[in-house]
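Text of query03.txt, listed as compact mmCIF, C-alpha atoms:
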```txt
# COMPACT_ATOMS: atom_id res chain seq x y z
CA MET A 530 -3.60 -2.45 -10.93
CA PHE A 531 -2.03 -2.83 -14.35
CA LEU A 532 -4.60 -0.43 -15.80
CA LEU A 533 -4.07 2.08 -12.97
CA ASP A 534 -0.32 1.76 -13.49
CA LYS A 535 -0.78 2.72 -17.15
CA ALA A 536 -3.52 5.35 -16.68
CA ILE A 537 -2.15 7.44 -13.79
CA PRO A 538 1.04 9.45 -14.21
CA HIS A 539 3.46 8.50 -11.43
CA LEU A 540 7.14 8.56 -10.63
CA HIS A 541 9.25 5.99 -8.84
CA ILE A 542 12.01 6.74 -6.40
CA ASN A 543 15.39 7.43 -8.04
CA SER A 544 13.71 7.56 -11.45
CA MET A 545 13.83 10.56 -13.74
CA GLU A 546 11.23 9.28 -16.19
CA ALA A 547 7.54 9.11 -15.25
CA GLU A 548 5.27 6.17 -16.04
CA GLY A 549 1.74 6.52 -17.35
CA PRO A 550 0.45 9.28 -19.62
CA LYS A 551 2.45 12.47 -20.06
CA SER A 552 1.47 15.22 -17.66
CA ASN A 553 2.64 18.49 -16.18
CA LEU A 554 2.45 17.21 -12.60
CA LYS A 555 5.34 17.94 -10.27
CA LYS A 556 7.71 15.09 -9.44
CA VAL A 557 6.62 14.92 -5.81
CA THR A 558 2.96 14.70 -6.88
CA MET A 559 3.76 11.79 -9.17
CA LEU A 560 5.70 10.08 -6.37
CA VAL A 561 2.68 10.48 -4.08
CA LEU A 562 0.49 8.96 -6.81
CA ALA A 563 2.83 5.97 -7.14
CA VAL A 564 2.50 5.19 -3.42
CA THR A 565 -1.23 5.96 -3.42
CA ILE A 566 -1.96 3.55 -6.29
CA HIS A 567 -0.83 0.57 -4.26
CA ASN A 568 -2.47 1.67 -1.00
CA PHE A 569 -6.02 1.10 -2.29
CA PRO A 570 -5.90 -2.74 -2.26
CA GLU A 571 -4.24 -2.67 1.17
CA GLY A 572 -7.18 -0.66 2.47
CA MET A 573 -9.60 -3.11 0.84
CA ALA A 574 -7.94 -6.02 2.61
CA VAL A 575 -8.10 -4.31 6.02
CA GLY A 576 -11.71 -3.30 5.38
CA ALA A 577 -12.70 -6.84 4.40
CA VAL A 578 -11.30 -8.47 7.53
CA ALA A 579 -12.65 -5.69 9.76
CA ALA A 580 -16.10 -5.99 8.18
CA ALA A 581 -16.12 -9.77 8.55
CA PHE A 582 -15.22 -9.45 12.23
CA LEU A 583 -17.79 -6.67 12.80
CA GLN A 584 -20.48 -8.79 11.13
CA GLY A 585 -19.97 -11.48 13.77
CA GLN A 586 -18.01 -13.92 11.64
CA GLU A 587 -15.47 -14.67 14.36
CA GLN A 588 -15.25 -18.29 13.21
CA ALA A 589 -13.78 -17.08 9.92
CA ILE A 590 -11.79 -14.08 11.12
CA SER A 591 -10.72 -13.50 14.69
CA PHE A 592 -10.03 -10.12 16.23
CA ALA A 593 -6.37 -11.11 16.48
CA ALA A 594 -6.22 -11.91 12.75
CA ALA A 595 -7.83 -8.59 11.85
CA LEU A 596 -5.48 -6.76 14.22
CA SER A 597 -2.45 -8.63 12.85
CA LEU A 598 -3.24 -7.61 9.27
CA ALA A 599 -3.95 -4.00 10.24
CA LEU A 600 -0.74 -3.78 12.30
CA GLY A 601 1.37 -5.32 9.53
CA ILE A 602 0.06 -2.88 6.96
CA ALA A 603 0.34 0.05 9.39
CA ILE A 604 3.98 -0.79 10.17
CA GLN A 605 4.96 -0.84 6.51
CA ASN A 606 3.18 2.48 5.97
CA PHE A 607 5.82 4.32 8.03
CA PRO A 608 8.59 3.85 5.45
CA GLU A 609 6.10 4.67 2.68
CA GLY A 610 5.36 8.02 4.30
CA ALA A 611 9.09 8.60 4.73
CA ILE A 612 9.64 7.83 1.02
CA ILE A 613 7.44 10.83 0.27
CA SER A 614 8.33 13.17 3.15
CA LEU A 615 12.11 12.92 3.29
CA PRO A 616 12.92 13.71 -0.36
CA LEU A 617 10.43 16.58 -0.30
CA LYS A 618 11.98 17.99 2.89
CA SER A 619 15.54 17.60 1.57
CA SER A 620 14.64 19.42 -1.66
CA GLY A 621 13.56 22.49 0.29
CA GLY A 622 9.96 21.68 1.20
CA GLY A 623 8.70 22.76 4.60
CA LYS A 624 8.16 20.34 7.47
CA GLY A 625 4.39 20.75 7.37
CA LYS A 626 4.09 20.27 3.62
CA SER A 627 6.45 17.28 3.70
CA PHE A 628 4.43 15.64 6.47
CA LEU A 629 1.14 16.42 4.73
CA TYR A 630 2.23 14.82 1.44
CA GLY A 631 3.47 11.73 3.29
CA ALA A 632 0.19 11.44 5.18
CA LEU A 633 -1.93 12.06 2.07
CA SER A 634 -0.21 9.22 0.22
CA GLY A 635 -1.65 6.83 2.82
CA ALA A 636 -5.07 8.50 3.19
CA VAL A 637 -6.53 6.28 0.49
CA GLU A 638 -6.09 3.21 2.74
CA PRO A 639 -8.64 4.13 5.42
CA ALA A 640 -10.95 5.42 2.68
CA ALA A 641 -10.76 2.08 0.85
CA ALA A 642 -11.23 0.22 4.15
CA LEU A 643 -14.32 2.28 5.07
CA LEU A 644 -15.75 1.84 1.57
CA THR A 645 -15.25 -1.92 1.80
CA ILE A 646 -16.85 -2.02 5.27
CA ALA A 647 -19.81 0.08 4.04
CA LEU A 648 -20.38 -2.19 1.05
CA PHE A 649 -19.59 -5.42 2.89
CA ARG A 650 -23.10 -6.92 2.86
CA LEU A 651 -23.44 -6.17 -0.83
CA LEU A 652 -19.95 -7.48 -1.57
CA LEU A 653 -20.07 -10.54 0.72
CA PRO A 654 -20.77 -13.08 -2.06
CA ALA A 655 -17.85 -11.71 -4.08
CA MET A 656 -15.51 -11.25 -1.10
CA PRO A 657 -13.21 -14.20 -1.98
CA ILE A 658 -12.77 -12.75 -5.45
CA LEU A 659 -12.20 -9.23 -4.10
CA LEU A 660 -9.66 -10.44 -1.56
CA SER A 661 -7.90 -12.34 -4.32
CA PHE A 662 -7.89 -9.11 -6.32
CA ALA A 663 -6.39 -7.23 -3.38
CA ALA A 664 -3.71 -9.89 -2.90
CA GLY A 665 -2.95 -9.95 -6.60
CA ALA A 666 -2.74 -6.16 -6.69
CA MET A 667 -0.25 -6.15 -3.82
CA LEU A 668 1.80 -8.86 -5.54
CA PHE A 669 1.72 -6.83 -8.76
CA VAL A 670 3.14 -3.82 -6.94
CA VAL A 671 5.85 -5.92 -5.28
CA VAL A 672 6.94 -7.61 -8.53
CA GLU A 673 6.50 -4.56 -10.79
CA GLU A 674 7.88 -1.86 -8.52
CA LEU A 675 9.52 -2.92 -5.28
CA ILE A 676 11.72 -5.87 -6.29
CA PRO A 677 13.41 -4.03 -9.17
CA GLU A 678 14.00 -0.93 -7.01
CA ALA A 679 15.30 -2.99 -4.08
CA SER A 680 17.78 -4.79 -6.33
CA GLU A 681 19.33 -1.62 -7.76
CA GLY A 682 22.52 -0.03 -6.59
CA LYS A 683 25.57 -0.96 -4.64
CA HIS A 684 23.86 -2.50 -1.61
CA SER A 685 21.23 -4.67 -3.28
CA ASN A 686 21.29 -7.15 -0.38
CA ALA A 687 19.66 -4.54 1.87
CA GLY A 688 16.33 -5.02 0.06
CA THR A 689 16.53 -8.78 0.53
CA ALA A 690 17.39 -8.35 4.22
CA GLY A 691 14.48 -5.91 4.62
CA PHE A 692 12.12 -8.40 2.99
CA GLY A 693 13.33 -11.13 5.33
CA ALA A 694 12.92 -8.92 8.40
CA GLY A 695 9.41 -7.92 7.32
CA PHE A 696 8.46 -11.54 6.71
CA VAL A 697 9.76 -12.57 10.15
CA LEU A 698 7.85 -9.69 11.78
CA MET A 699 4.59 -10.71 10.06
CA MET A 700 5.09 -14.35 11.13
CA ILE A 701 5.68 -13.23 14.72
CA LEU A 702 2.50 -11.14 14.59
CA ASP A 703 0.59 -14.06 13.07
CA VAL A 704 1.72 -16.51 15.75
CA ALA A 705 1.45 -14.05 18.66
CA LEU A 706 -1.99 -12.74 17.71
CA GLY A 707 -3.39 -16.01 16.41
```

Go ahead and render the structure in this file as structure tokens.
Amino acid sequence: MFLLDKAIPHLHINSMEAEGPKSNLKKVTMLVLAVTIHNFPEGMAVGAVAAAFLQGQEQAISFAAALSLALGIAIQNFPEGAIISLPLKSSGGGKGKSFLYGALSGAVEPAAALLTIALFRLLLPAMPILLSFAAGAMLFVVVEELIPEASEGKHSNAGTAGFGAGFVLMMILDVALG
């Protein structure tokens, strides 16, 4: 993730300066890339648990656990799509284009999940390492990108409250779905 962060030009919300190599990409394109970069490991995680369940490894991963992870990631994808769509719409973009960019930013997730499912038998021996990579990549994004952005501005407690609400929701899903 660190290498992707350095190699792909991308822009963060409320930032005027792009990260990564210099490019002539539009701001909205770089914002889409920023969200897309972190969606790949999320898709890998969903693909890994889905593949394990589909391979008949219910003793390791239950349907409820796979569903819980997929639901948790799906729920947090709504604000990610809005992060792309709303600024584009407010800057004069059309409804269709705004929606398309928001949806495209998340399209890498199902692609990564399907790729992980397709390669599951080949990747099975390395799956603990790959899942650790996916978890580490998500933590990298949270520490590198989300925490600093959530702590900026006048109402910095809103990010902390959002984190707490998300954590409670995931715990409810975990307990309710097993």

task: Give me the residues within 12 Å of A:Pro608 as a PyMOL selection string, counting only C-alpha atoms and dropping any in the same chain fewer than 2 places off.
output: chain A and resi 564+602-606+610-615+631-632+634-635+691+695

Report as an mmCIF file with C-alpha atoms, keeping the file's coordinate frame all protein, DNA and RNA residues lying within 10 Å of A:Ala581, evaluated on all atoms listed in the file, omitting residues in the same chain fewer than 2 positions from it.
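part_15.cif was written with the following content:
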```
data_model
loop_
_atom_site.group_PDB
_atom_site.id
_atom_site.type_symbol
_atom_site.label_atom_id
_atom_site.label_comp_id
_atom_site.auth_asym_id
_atom_site.auth_seq_id
_atom_site.Cartn_x
_atom_site.Cartn_y
_atom_site.Cartn_z
ATOM 1 C CA GLY A 576 -11.710 -3.300 5.380
ATOM 2 C CA ALA A 577 -12.700 -6.840 4.400
ATOM 3 C CA VAL A 578 -11.300 -8.470 7.530
ATOM 4 C CA ALA A 579 -12.650 -5.690 9.760
ATOM 5 C CA LEU A 583 -17.790 -6.670 12.800
ATOM 6 C CA GLN A 584 -20.480 -8.790 11.130
ATOM 7 C CA GLY A 585 -19.970 -11.480 13.770
ATOM 8 C CA GLN A 586 -18.010 -13.920 11.640
ATOM 9 C CA GLU A 587 -15.470 -14.670 14.360
ATOM 10 C CA GLN A 588 -15.250 -18.290 13.210
ATOM 11 C CA ALA A 589 -13.780 -17.080 9.920
ATOM 12 C CA ILE A 590 -11.790 -14.080 11.120
ATOM 13 C CA SER A 591 -10.720 -13.500 14.690
ATOM 14 C CA PHE A 592 -10.030 -10.120 16.230
ATOM 15 C CA ALA A 595 -7.830 -8.590 11.850
ATOM 16 C CA ILE A 646 -16.850 -2.020 5.270
ATOM 17 C CA PHE A 649 -19.590 -5.420 2.890
ATOM 18 C CA ARG A 650 -23.100 -6.920 2.860
ATOM 19 C CA LEU A 653 -20.070 -10.540 0.720
ATOM 20 C CA MET A 656 -15.510 -11.250 -1.100
#
```

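The spacing separating atom CA of A:Lys683 from atom CA of A:Lys618 amounts to 24.5 Å.
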
message: Need the shell around A:Met573: protein/DNA/RNA residues with any atom at most 9 Å away, counting all atoms listed in the file. Skip same-chain ones fewer than 2 positions apart. Format as a PyMOL selection string?
response: chain A and resi 568-571+575-578+638-646+659-660+663

Atom pair atom CA of A:Gly601 / atom CA of A:Met699: separation (Å): 6.3 Å

query: So how many Å separate atom CA of A:Met559 and atom CA of A:Gly621, to one decimal?
result: 17.3 Å

- request: Rank nothing, just name the residue among A:Ile658, A:Ala636, A:Leu702, A:Ala547 nearest to A:Ala563, using only C-alpha atoms.
  value: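 For A:Ala563, the nearest of the given residues is A:Ala547.
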
message: Report as a ChimeraX atom specification all protein, DNA and RNA residues lying within 9 Å of A:Asp703, evaluated on only C-alpha atoms, omitting residues in the same chain fewer than 3 positions from it.
response: /A:593-594,597-598,698-700,706-707
